[in-house]
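*Asks:* What follows is start.cif, mmCIF, C-alpha atoms.
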data_start
loop_
_atom_site.label_atom_id
_atom_site.label_comp_id
_atom_site.auth_asym_id
_atom_site.auth_seq_id
_atom_site.Cartn_x
_atom_site.Cartn_y
_atom_site.Cartn_z
CA MET T 1 -16.64 6.04 -12.50
CA LYS T 2 -15.92 5.10 -16.13
CA GLN T 3 -13.94 8.24 -16.90
CA GLU T 4 -12.13 8.18 -13.56
CA PHE T 5 -11.22 4.51 -14.05
CA ALA T 6 -9.75 5.29 -17.48
CA VAL T 7 -7.70 8.13 -15.98
CA LEU T 8 -6.47 5.84 -13.21
CA GLN T 9 -5.09 3.42 -15.78
CA GLU T 10 -3.58 6.28 -17.78
CA CYS T 11 -1.79 7.47 -14.65
CA LEU T 12 -0.40 4.01 -13.91
CA GLN T 13 0.86 3.60 -17.46
CA ALA T 14 2.51 7.03 -17.57
CA ALA T 15 4.23 6.60 -14.21
CA SER T 16 5.34 3.05 -15.03
CA LYS T 17 7.09 4.31 -18.16
CA VAL T 18 9.00 6.82 -16.05
CA VAL T 19 10.02 4.18 -13.50
CA ARG T 20 11.17 1.72 -16.17
CA ARG T 21 13.19 4.43 -17.90
CA HIS T 22 15.05 5.26 -14.69
CA PHE T 23 15.43 1.73 -13.33
CA GLY T 24 19.08 1.10 -12.48
CA LYS T 25 20.13 4.56 -13.69
CA VAL T 26 19.57 6.95 -10.78
CA GLY T 27 21.07 7.58 -7.37
CA TYR T 28 19.14 8.62 -4.30
CA GLU T 29 18.94 11.15 -1.50
CA LEU T 30 17.89 10.58 2.09
CA LYS T 31 14.75 12.15 3.57
CA GLY T 32 15.53 10.32 6.81
CA LYS T 33 17.92 7.66 8.12
CA ALA T 34 16.23 4.94 6.05
CA ASN T 35 13.82 6.99 3.91
CA LEU T 36 15.03 7.39 0.32
CA VAL T 37 13.91 9.55 -2.60
CA THR T 38 15.12 9.49 -6.20
CA LYS T 39 14.67 11.66 -9.28
CA ALA T 40 12.38 8.92 -10.57
CA ASP T 41 9.98 9.44 -7.62
CA VAL T 42 9.65 13.11 -8.51
CA ALA T 43 9.30 12.46 -12.27
CA SER T 44 6.74 9.70 -11.74
CA GLN T 45 4.65 11.90 -9.46
CA LYS T 46 4.80 14.77 -11.96
CA ALA T 47 3.52 12.49 -14.73
CA VAL T 48 0.53 11.42 -12.61
CA LEU T 49 -0.35 14.89 -11.37
CA ASN T 50 -0.17 16.36 -14.86
CA ILE T 51 -2.88 13.94 -15.95
CA ILE T 52 -5.10 14.46 -12.92
CA ARG T 53 -4.86 18.26 -13.01
CA LYS T 54 -5.84 18.25 -16.67
CA ARG T 55 -8.68 15.71 -16.46
CA PHE T 56 -10.13 16.64 -13.05
CA PRO T 57 -9.08 20.19 -12.12
CA LEU T 58 -11.63 20.38 -9.28
CA HIS T 59 -10.40 17.23 -7.52
CA ASP T 60 -8.01 17.33 -4.57
CA TYR T 61 -4.88 15.21 -4.33
CA LEU T 62 -2.39 13.90 -1.78
CA ALA T 63 0.96 12.65 -3.07
CA GLU T 64 4.01 11.42 -1.19
CA GLU T 65 6.60 13.88 -2.47
CA ASP T 66 5.15 17.02 -0.89
CA ALA T 67 2.25 17.63 -3.26
CA VAL T 68 -1.06 18.40 -1.58
CA LYS T 69 -4.23 20.08 -2.80
CA ASN T 70 -6.89 20.26 -0.11
CA THR T 71 -9.86 22.44 -1.02
CA GLY T 72 -12.45 20.24 0.66
CA ALA T 73 -13.50 18.52 -2.56
CA ASP T 74 -15.38 15.23 -2.24
CA TYR T 75 -12.82 13.45 -4.44
CA THR T 76 -9.14 13.10 -3.54
CA TRP T 77 -6.47 11.28 -5.55
CA VAL T 78 -3.90 9.57 -3.31
CA ILE T 79 -0.60 8.87 -5.04
CA ASP T 80 2.63 7.05 -4.30
CA PRO T 81 4.88 7.57 -7.34
CA ILE T 82 7.20 4.75 -6.26
CA ASP T 83 6.23 2.55 -3.35
CA GLY T 84 9.34 0.63 -2.37
CA THR T 85 11.90 3.30 -3.25
CA THR T 86 14.64 1.49 -1.33
CA ASN T 87 14.05 -1.58 -3.49
CA PHE T 88 14.01 0.60 -6.61
CA ALA T 89 17.26 2.33 -5.66
CA HIS T 90 18.94 -1.05 -5.21
CA THR T 91 17.43 -2.45 -8.45
CA PHE T 92 15.39 -4.97 -6.48
CA PRO T 93 12.32 -5.39 -8.72
CA GLN T 94 9.65 -5.26 -6.00
CA CYS T 95 8.41 -1.69 -6.31
CA SER T 96 5.23 -0.12 -7.60
CA VAL T 97 3.19 2.88 -8.60
CA SER T 98 0.08 3.24 -6.44
CA VAL T 99 -2.88 5.49 -7.25
CA ALA T 100 -6.25 5.59 -5.47
CA LEU T 101 -9.31 7.78 -5.75
CA PHE T 102 -11.10 8.48 -2.48
CA TYR T 103 -14.67 9.71 -2.23
CA LYS T 104 -14.66 11.57 1.06
CA ASN T 105 -13.00 9.04 3.40
CA GLU T 106 -13.27 5.81 1.41
CA PRO T 107 -11.33 4.52 -1.60
CA VAL T 108 -13.58 3.92 -4.63
CA LEU T 109 -10.87 3.22 -7.22
CA GLY T 110 -7.44 1.70 -6.77
CA GLY T 111 -4.57 0.68 -8.99
CA VAL T 112 -1.10 -0.69 -8.28
CA ALA T 113 1.40 -1.42 -11.04
CA ASN T 114 4.82 -3.06 -10.82
CA PRO T 115 6.76 -1.61 -13.77
CA ALA T 116 9.48 -4.26 -13.47
CA THR T 117 7.16 -7.27 -13.84
CA GLY T 118 4.28 -5.82 -15.85
CA GLU T 119 1.69 -6.77 -13.23
CA THR T 120 -1.19 -4.32 -12.74
CA PHE T 121 -3.76 -4.72 -9.99
CA LEU T 122 -7.04 -2.79 -10.30
CA ALA T 123 -10.21 -2.44 -8.29
CA GLN T 124 -13.44 -0.46 -8.32
CA LYS T 125 -15.64 -0.43 -5.24
CA GLY T 126 -18.31 -3.09 -5.55
CA LYS T 127 -16.92 -4.60 -8.75
CA GLY T 128 -14.12 -6.89 -7.59
CA ALA T 129 -10.37 -6.83 -8.16
CA THR T 130 -8.22 -7.93 -11.09
CA LEU T 131 -4.62 -8.75 -11.95
CA ASN T 132 -3.86 -7.98 -15.60
CA GLY T 133 -7.56 -8.21 -16.37
CA LYS T 134 -8.29 -11.47 -14.55
CA LYS T 135 -10.32 -11.66 -11.35
CA ILE T 136 -8.37 -12.36 -8.17
CA HIS T 137 -9.43 -13.68 -4.77
CA VAL T 138 -7.80 -14.10 -1.39
CA SER T 139 -6.60 -17.47 -0.17
CA LYS T 140 -8.75 -19.97 1.72
CA THR T 141 -6.22 -20.60 4.50
CA ALA T 142 -8.21 -20.81 7.71
CA LYS T 143 -5.52 -21.44 10.33
CA LEU T 144 -2.75 -19.04 11.28
CA ALA T 145 -0.46 -22.01 11.84
CA GLN T 146 -0.70 -22.77 8.10
CA ALA T 147 -0.37 -19.18 6.91
CA LEU T 148 2.36 -17.36 5.01
CA LEU T 149 2.54 -13.81 6.33
CA VAL T 150 4.24 -10.64 5.16
CA THR T 151 5.29 -7.54 7.08
CA GLY T 152 7.40 -4.42 6.88
CA PHE T 153 9.42 -2.30 9.27
CA PRO T 154 8.79 1.45 9.64
CA TYR T 155 11.33 4.22 9.14
CA ASN T 156 11.33 4.85 12.90
CA ARG T 157 12.32 1.24 13.60
CA PHE T 158 15.63 2.31 15.15
CA THR T 159 13.83 3.67 18.22
CA ARG T 160 11.25 0.85 18.40
CA MET T 161 13.31 -2.28 17.88
CA PRO T 162 12.25 -4.27 21.00
CA GLU T 163 8.54 -3.70 20.29
CA LEU T 164 8.83 -4.57 16.59
CA LEU T 165 10.90 -7.69 17.16
CA THR T 166 8.57 -8.92 19.91
CA ARG T 167 5.63 -8.70 17.51
CA PHE T 168 7.65 -10.30 14.71
CA GLU T 169 8.61 -13.17 17.01
CA GLY T 170 4.98 -13.63 18.03
CA PHE T 171 3.89 -14.08 14.43
CA LEU T 172 6.93 -16.12 13.40
CA ASN T 173 6.18 -18.60 16.19
CA SER T 174 2.55 -18.88 15.06
CA CYS T 175 2.64 -19.32 11.28
CA HIS T 176 4.43 -21.17 8.47
CA ASP T 177 6.77 -18.25 7.78
CA VAL T 178 7.06 -14.49 7.36
CA ARG T 179 8.31 -12.48 4.38
CA ARG T 180 9.50 -8.87 4.22
CA LEU T 181 9.28 -7.59 0.61
CA GLY T 182 9.52 -3.81 0.85
CA SER T 183 6.42 -2.41 -0.89
CA ALA T 184 3.27 -2.05 1.20
CA ALA T 185 1.13 -1.54 -1.89
CA LEU T 186 2.34 -4.79 -3.45
CA ASP T 187 2.14 -6.60 -0.10
CA LEU T 188 -1.59 -5.86 -0.06
CA CYS T 189 -2.01 -6.86 -3.70
CA TRP T 190 -0.16 -10.14 -3.25
CA LEU T 191 -2.44 -10.85 -0.32
CA ALA T 192 -5.42 -10.05 -2.56
CA ALA T 193 -4.12 -12.49 -5.17
CA GLY T 194 -3.82 -15.32 -2.63
CA ARG T 195 -0.02 -15.42 -2.67
CA THR T 196 0.09 -14.69 1.06
CA ASP T 197 -2.51 -15.00 3.80
CA GLY T 198 -1.92 -12.06 6.16
CA TYR T 199 0.00 -8.81 6.59
CA TRP T 200 0.73 -6.38 9.38
CA GLU T 201 2.64 -3.10 9.51
CA ASP T 202 2.35 0.35 11.05
CA ASN T 203 3.55 3.92 10.60
CA LEU T 204 2.42 3.86 6.98
CA ASN T 205 0.70 6.66 5.07
CA PRO T 206 -2.50 6.81 2.99
CA TRP T 207 -0.52 6.86 -0.26
CA ASP T 208 1.23 3.62 0.72
CA VAL T 209 -1.96 1.66 1.27
CA GLY T 210 -5.00 3.50 -0.17
CA ALA T 211 -5.13 1.59 -3.46
CA GLY T 212 -3.98 -1.73 -2.02
CA ILE T 213 -6.63 -1.72 0.69
CA LEU T 214 -9.44 -1.39 -1.84
CA ILE T 215 -7.90 -4.09 -4.05
CA LEU T 216 -7.68 -6.45 -1.08
CA GLN T 217 -11.22 -5.73 0.09
CA GLU T 218 -12.63 -6.26 -3.39
CA ALA T 219 -10.77 -9.59 -3.54
CA GLY T 220 -12.56 -10.71 -0.38
CA GLY T 221 -9.98 -9.70 2.23
CA LYS T 222 -10.26 -7.71 5.44
CA VAL T 223 -8.39 -4.66 6.73
CA THR T 224 -8.52 -3.02 10.18
CA ASP T 225 -6.25 -1.09 12.46
CA TYR T 226 -4.49 -2.85 15.35
CA SER T 227 -7.59 -2.41 17.53
CA GLY T 228 -9.72 -4.27 15.00
CA LYS T 229 -11.57 -1.16 13.81
CA LYS T 230 -12.07 0.21 10.30
CA TYR T 231 -10.52 3.48 9.21
CA LYS T 232 -12.81 6.49 9.49
CA LYS T 233 -10.73 9.33 8.03
CA LEU T 234 -8.18 9.53 5.21
CA PRO T 235 -5.22 10.51 7.47
CA ASP T 236 -5.80 7.37 9.57
CA TYR T 237 -5.12 4.93 6.73
CA GLY T 238 -1.97 2.93 7.50
CA ARG T 239 -1.10 4.27 10.95
CA THR T 240 -1.57 0.73 12.16
CA MET T 241 -2.72 -1.93 9.74
CA LEU T 242 -3.74 -5.54 9.99
CA ALA T 243 -4.77 -7.18 6.71
CA SER T 244 -5.77 -10.75 5.97
CA ASN T 245 -7.83 -13.10 3.86
CA GLY T 246 -10.53 -12.61 6.49
CA LYS T 247 -10.37 -16.17 7.76
CA ILE T 248 -7.31 -15.67 9.98
CA HIS T 249 -7.98 -12.05 10.95
CA ALA T 250 -9.14 -12.77 14.50
CA GLN T 251 -6.17 -15.08 15.07
CA MET T 252 -3.75 -12.39 13.88
CA LEU T 253 -5.48 -9.80 16.04
CA GLN T 254 -4.80 -11.98 19.08
CA ILE T 255 -1.07 -11.90 18.33
CA ILE T 256 -1.17 -8.12 17.91
CA ARG T 257 -2.85 -7.72 21.28
CA LYS T 258 -0.45 -10.10 23.03
CA THR T 259 2.57 -8.25 21.71
CA GLU T 260 1.36 -4.67 22.23
CA PRO T 261 3.84 -2.64 24.34
CA ARG T 262 2.77 -2.32 27.95
CA PRO T 263 2.53 1.16 29.49
#
Take the structure in the file and write it out as structure tokens.
*Replies:*
Amino acid sequence: MKQEFAVLQECLQAASKVVRRHFGKVGYELKGKANLVTKADVASQKAVLNIIRKRFPLHDYLAEEDAVKNTGADYTWVIDPIDGTTNFAHTFPQCSVSVALFYKNEPVLGGVANPATGETFLAQKGKGATLNGKKIHVSKTAKLAQALLVTGFPYNRFTRMPELLTRFEGFLNSCHDVRRLGSAALDLCWLAAGRTDGYWEDNLNPWDVGAGILILQEAGGKVTDYSGKKYKKLPDYGRTMLASNGKIHAQMLQIIRKTEPRP
């Protein structure tokens, strides 16, 4: 993985330069009622794909802005050129570039960079996770009542408000507090770095969470879907997601189950 790891970092650096260059200087278009895209998303993705196509022409890739190569290759690069585009469009500096390399259905490399702050999170399967070169670990919080949680709301929230707010209330009544920061990739990385203790969200995509999941797992955390099971296939990543430091996972899963919509 030495060559692939070097390319991962090259991709993050190239995309981060694009994002910094456009920060505060571009408008946006709507892909949906609350789903934004900017010229910077497209330029960032182009920078990453140019590198991958040149270095690994036989690898597949899956990127947010309608770029897919699916030949059945064992290796697939999963790319979010700007995770947290709404934040980026409003010059709120909580956005990131997220790049993961999957071998079949599991991430083996992951990197998330915040161009606004200069923080870069990296992980290789079996070798731990780092923030700007220093090892990171999840928190030791063992009780949900003492936890700081983070969440996000999906683009289809307008048709699911009662369900989402019921779950939010369930967690808010059970922990120290809840934050909503706007970048799933960074939410997972902050959890990996011990800044938060747990995270839940659904209706995400593999490019939102592929890199962050590996970073969290390599930092000692745990990720499952809302049923408590691990992901088996690449398209399943992020459909429902419960992430934690591992110590409060079962307690969070209880809240999920209590607040699931009834048929």
*Asks:* Run the PyMOL selection byres ((chain T and resi 124) around 9) mentally over the shown coordinates, then write out the matched residues as an NGL selection string, using the chain letters and numbers from the document.
*Replies:* :T and (1 or 5 or 107-111 or 122-123 or 125-129 or 214-215 or 218)
*Asks:* Taking the file as shown, what set of residues would the PyMOL selection byres ((chain T and resi 220-234) around 7) give back, as a ChimeraX atom specification?
*Replies:* /T:105,137-138,192,206,213,216-219,235-237,240-246,256
*Asks:* Residues picked by the PyMOL selection byres ((chain T and resi 77) around 7) here, as a PyMOL selection string?
*Replies:* chain T and resi 60-62+75-76+78-79+100-102
*Asks:* Can you tell me how far CA of Val18 (chain T) sits from CA of Lys2 (chain T), in Å to one decimal?
*Replies:*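 Separation of CA of Val18 (chain T) and CA of Lys2 (chain T): 25.0 Å.
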*Asks:* Can you tell me how far CA of Tyr199 (chain T) sits from CA of Ala145 (chain T), in Å to one decimal?
*Replies:* 14.2 Å
*Asks:* Tell me, in Å to one decimal, how far CA of Ser98 (chain T) is from CA of Ala185 (chain T).
*Replies:*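 For CA of Ser98 (chain T) relative to CA of Ala185 (chain T), the distance reads 6.7 Å.
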